[in-house]
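Notes for the one structure printed next.
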Amino acid sequence: MTTIDTRTMGRTGLALTTLGFGAASLGNLYKPVDDAAAHGAVAAALAAGIRYFDTAPHYGRGLSERRLGDALRGAGDVVVSTKVGRLMVPDDSVTDDRERDGFRSAMPFRAVYDYTHDGILRSHEASLHRLGLAKVDILFVHDIGGLTHGDAAAHYWAQLTDGGGFRALERLRHEGVIRGFGLGVNEVEVCLDAMRVAELDVILLAGRYSLLDQQALDAFFPACIAARTAVVIGGPYNSGILATGVRSGRPLHYDYAAPSAEVVERTARIEAIADTHGIPLPAAALAFVLAHPAVASVIPGMGSAARVEATAALAAHPIPAGFWSDLRASGLVRAEAPLPGELA
Ligand SMILES: NC(=O)c1ccc[n+]([C@@H]2O[C@H](COP(=O)([O-])OP(=O)(O)OC[C@H]3O[C@@H](n4cnc5c(N)ncnc54)[C@H](OP(=O)(O)O)[C@@H]3O)[C@@H](O)[C@H]2O)c1
């Protein structure tokens with residue numbers, strides 16, 4: 001059987017495969033995936049040696065969790081993370097799979113934010129039922145922070161802190177129900193706030209550390225290393241452009257929207273250096289984030305067996321040292337970003 005390297009998360013002792021499976025696609029993110037394809041993608045991931053899977057109630061309003069659990073049941077030793085912060089409330093006005101919040105799911109629910117003590121416990125229980133699994137290993141507080149909540153951010157932050165949300169997570173961890181918890185977000189600032197008030201085992205940071213965005217180098221990674229908080233990198237292609245490059249003719253996506261001309265230009269320059277060394281751009285995108293010593297795993301989106309197989313090959317693709325030195329010399333990545341081969 002194929003194996004993939006693992007890295008142990010400091011506080012928990014839990015080992016994640018360096019390549020994990022981001023299951024937003026199984027909730028029909030932007031496009032429908034049928035049940036067989038979803039099951040096939042997870043089966044292909046297991047066959048490729050992937051043992052870490054991330055999902056959320058939000059991903060298709062329960063659809064991703066249902067599919068992931070069905071495909072993983074009986075798979076043995078795997079690590080599963082899901083998220084808390086949105087309760088799925090029955091909504092019989094949902095009768096078709098037109099896009100809602102980015103997902104083409106007909107699951108008849110709507111999300112209600114709840115980061116309180118009871119909300120977190122109810123969310124965890126509901127996830128176990130949807131997954132049909134006896135446990136999840138990691139709970140991420142999903143999308144807390146100003147990016148999602150705007151003016152209501154302080155209200156939800158108060159639920160998580162004064163309202164006992166973190167206390168519920170600490171209790172689940174203390175009782176051994178989960179192995180660890182943290183945040184699952186697309187922004188850095190709220191992670192720093194959270195690390196000041198709770199002992200986080202792991203943070204899923206999406207899009208804020210990549211070949212195109214290295215803001216996590218400033219305060220985020222140093223804080224994680226000081227607190228022994230592991231990092232899982234989501235959205236390593238910034239939602240697409242670092243996988244497709246700019247010349248494929250496919251629509252370009254950067255952070256779930258059309259990219260600016262500046263992002264297109266920078267991507268083209270990175271792609272040109274990759275071309276010079278004969279390596280695929282997405283292979284560099286995956287290797288780049290794993291070079292940071294705080295990072296335990298990278299979880300690109302993969303919605304089909306073929307995509308999983310291609311991604312496993314990309315993650316194993318040899319990348320010559322000359323590519324990294326040319327990249328650094330180009331100034332396209334920050335000088336202090338650790339590069340592969342430099343990992344202590
Ligand atoms: N707040 C949070 O906690 C949060 C936020 C964002 C993401 N995440 C996690 O991160 C995971 C991945 O994020 P993501 O899917 O949003 O972004 P991503 O991994 O950066 O990009 C996925 C996109 O790249 C395309 N792609 C992947 N491999 C490709 C290849 N080899 N060639 C061409 N295109 C390729 C996919 O297209 P196809 O659909 O055609 O495969 C998909 O549109 C999620 O599933 C989730 O687990 C968490």
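Going by the structure tokens order, chains are called A, B, ..., each with residues numbered from 1, while ligands are numbered from 1 in the order shown.
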Query raised in the report: Skipping near chain neighbours, those fewer than 5 positions away, what residues fall within 12 Å of stretch 287-289 of chain A using only C-alpha atoms, listed as number ranges by chain?
Result: A: 18-19, 205-214, 216-217, 221, 231-238, 242, 279-282, 294-300, 311-312, 314-321, 323-324, 327-328, 333-334, 337-343
Mind writing the picked residues with C-alpha atoms as a short mmCIF file (atom, residue, chain, number, x, y, z; two decimals), in the first residue's frame?
```cif
data_model
loop_
_atom_site.label_atom_id
_atom_site.label_comp_id
_atom_site.auth_asym_id
_atom_site.auth_seq_id
_atom_site.Cartn_x
_atom_site.Cartn_y
_atom_site.Cartn_z
CA THR A 18 1.33 15.69 4.98
CA LEU A 19 -1.21 15.47 2.16
CA LEU A 205 -5.59 28.45 7.85
CA ALA A 206 -6.97 28.71 4.33
CA GLY A 207 -5.45 30.85 1.60
CA ARG A 208 -3.22 32.96 3.86
CA TYR A 209 -0.06 30.97 3.25
CA SER A 210 0.67 30.10 -0.34
CA LEU A 211 2.98 30.99 -3.21
CA LEU A 212 0.82 34.12 -3.63
CA ASP A 213 0.10 35.17 -0.04
CA GLN A 214 2.65 34.93 2.75
CA ALA A 216 1.17 34.26 7.84
CA LEU A 217 4.93 34.75 8.15
CA PHE A 221 3.62 31.35 12.38
CA VAL A 231 -1.04 24.38 11.22
CA VAL A 232 -3.07 22.75 8.48
CA ILE A 233 -2.99 24.71 5.23
CA GLY A 234 -6.32 24.82 3.38
CA GLY A 235 -6.84 26.32 -0.06
CA PRO A 236 -3.18 25.92 -1.07
CA TYR A 237 -4.05 26.95 -4.64
CA ASN A 238 -5.88 30.08 -3.38
CA LEU A 242 -2.14 28.07 -8.36
CA ILE A 279 7.71 21.23 -12.96
CA PRO A 280 3.94 21.67 -12.62
CA LEU A 281 2.88 24.84 -10.77
CA PRO A 282 0.55 22.97 -8.34
CA ALA A 294 4.81 24.82 11.72
CA VAL A 295 2.79 23.12 8.97
CA ALA A 296 1.60 19.55 9.59
CA SER A 297 -0.53 18.97 6.50
CA VAL A 298 -1.84 20.58 3.32
CA ILE A 299 -5.41 19.88 2.19
CA PRO A 300 -6.16 20.80 -1.41
CA THR A 311 -2.80 15.41 -6.70
CA ALA A 312 -0.95 12.54 -5.03
CA LEU A 314 1.87 16.28 -7.80
CA ALA A 315 2.68 16.01 -4.09
CA ALA A 316 5.37 13.43 -4.87
CA HIS A 317 6.77 15.30 -7.89
CA PRO A 318 10.51 15.95 -7.53
CA ILE A 319 11.35 19.66 -7.54
CA PRO A 320 14.95 20.64 -8.23
CA ALA A 321 16.70 22.93 -5.75
CA PHE A 323 13.58 26.06 -8.88
CA TRP A 324 13.51 27.23 -5.27
CA LEU A 327 12.01 31.62 -7.06
CA ARG A 328 13.73 33.27 -4.13
CA VAL A 333 8.13 34.98 -2.50
CA ARG A 334 9.26 36.68 0.66
CA ALA A 337 9.81 32.07 3.64
CA PRO A 338 11.36 28.67 4.39
CA LEU A 339 11.91 26.67 1.21
CA PRO A 340 11.94 22.87 0.78
CA GLY A 341 15.24 21.38 1.83
CA GLU A 342 15.58 23.97 4.59
CA LEU A 343 13.14 22.32 7.02
#
```
Between atom CA of A:Arg67 and atom CA of A:Ser127 lies a distance of 11.9 Å
Worksheet item: Pick the closest to A:Ala284 from A:Asp218, A:Glu271, A:Asp201, A:Asp118: which is it, counting only C-alpha atoms?
Response: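 Once distances to A:Ala284 are computed over only C-alpha atoms, the minimum belongs to A:Glu271.
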query: Mind pulling up the distance from atom CA of A:Ala48 to atom CA of A:Ala75?
result: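 Separation between atom CA of A:Ala75 and atom CA of A:Ala48: 13.2 Å.
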For this session: Apply DSSP to the backbone of this structure and, from stretch 30-183 of chain A, keep only the residues in alpha helix (DSSP H); write these as a count of residues only.
Result: 60
Q.
Give me, as a PyMOL selection string, all polymer residues having an atom no more than 9 Å from A:Arg73, counting only C-alpha atoms and skipping those fewer than 4 positions away in the same chain.
A. chain A and resi 68-69+131-133
Same residues, N, CA, C and O atoms, output as a compact mmCIF listing (two decimals), in the first residue's frame:
```txt
# COMPACT_ATOMS: atom_id res chain seq x y z
N LEU A 68 -18.59 11.77 3.34
CA LEU A 68 -17.26 11.41 3.84
C LEU A 68 -17.37 10.26 4.84
O LEU A 68 -16.62 9.28 4.76
N GLY A 69 -18.31 10.37 5.77
CA GLY A 69 -18.46 9.31 6.77
C GLY A 69 -18.81 7.97 6.13
O GLY A 69 -18.24 6.93 6.49
N LEU A 131 -22.00 12.02 10.01
CA LEU A 131 -20.86 11.24 9.54
C LEU A 131 -21.13 9.74 9.71
O LEU A 131 -20.62 8.92 8.93
N GLY A 132 -21.90 9.39 10.74
CA GLY A 132 -22.07 7.97 11.06
C GLY A 132 -20.77 7.38 11.55
O GLY A 132 -20.45 6.22 11.32
N LEU A 133 -20.00 8.20 12.25
CA LEU A 133 -18.73 7.75 12.83
C LEU A 133 -18.80 7.93 14.34
O LEU A 133 -19.50 8.82 14.85
```
* To do: Determine which residues of stretch 205-294 of chain A DSSP labels as strand (DSSP E) from the backbone of this structure, then write them out as a list in words.
  =>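 Across stretch 205-294 of chain A, those assigned strand (DSSP E) are Leu205, Ala206, Ala230, Val231, Val232, Ile233 and Gly234 of chain A.
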Give me, please, the distance in Å between atom 23 (C, counted along the ligand's line) of ligand 1 and atom CA of A:His277, quoted to one decimal.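 Interatomic distance here is 23.5 Å.
Closest approach to ligand 1 from the set A:Cys224, A:Ala41, A:Ala47, A:Ala158 is made by A:Ala41, with distances taken over only C-alpha atoms and all ligand atoms.
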Counting only C-alpha atoms, closest pick from A:Thr3, A:Ser248, A:Asn186, A:Thr267 relative to A:Ala45 is A:Thr3
Enumerate, in order of chain and increasing residue number, the residues of stretch 219-281 of chain A with an atom no farther than 12 Å from stretch 25-37 of chain A, each with its shortest atom pair and distance in Å to one decimal, counting only C-alpha atoms, as CSV.
```
residue,atom,partner,partner_atom,distance
A:Gly235,CA,A:Ser25,CA,11.7
A:Ser239,CA,A:Leu29,CA,10.9
A:His253,CA,A:Tyr30,CA,11.7
A:Tyr256,CA,A:Tyr30,CA,9.8
A:Ala257,CA,A:Tyr30,CA,11.7
```
Based on the selection just made, write N, CA and C atoms of those residues as an mmCIF file, in the first residue's frame.
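Writing done, so here's again08.cif:
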```cif
data_model
loop_
_atom_site.group_PDB
_atom_site.id
_atom_site.type_symbol
_atom_site.label_atom_id
_atom_site.label_comp_id
_atom_site.auth_asym_id
_atom_site.auth_seq_id
_atom_site.Cartn_x
_atom_site.Cartn_y
_atom_site.Cartn_z
ATOM 1 N N GLY A 235 -6.871 25.443 1.115
ATOM 2 C CA GLY A 235 -6.843 26.321 -0.055
ATOM 3 C C GLY A 235 -5.443 26.643 -0.545
ATOM 4 N N SER A 239 -7.755 28.747 -4.043
ATOM 5 C CA SER A 239 -9.036 28.338 -4.636
ATOM 6 C C SER A 239 -8.955 28.008 -6.125
ATOM 7 N N HIS A 253 -9.631 31.462 -10.671
ATOM 8 C CA HIS A 253 -10.186 31.742 -9.344
ATOM 9 C C HIS A 253 -9.069 32.076 -8.378
ATOM 10 N N TYR A 256 -11.777 32.514 -4.262
ATOM 11 C CA TYR A 256 -13.182 32.278 -4.571
ATOM 12 C C TYR A 256 -13.807 33.415 -5.390
ATOM 13 N N ALA A 257 -12.976 34.168 -6.106
ATOM 14 C CA ALA A 257 -13.481 35.242 -6.977
ATOM 15 C C ALA A 257 -12.504 35.380 -8.147
#
```
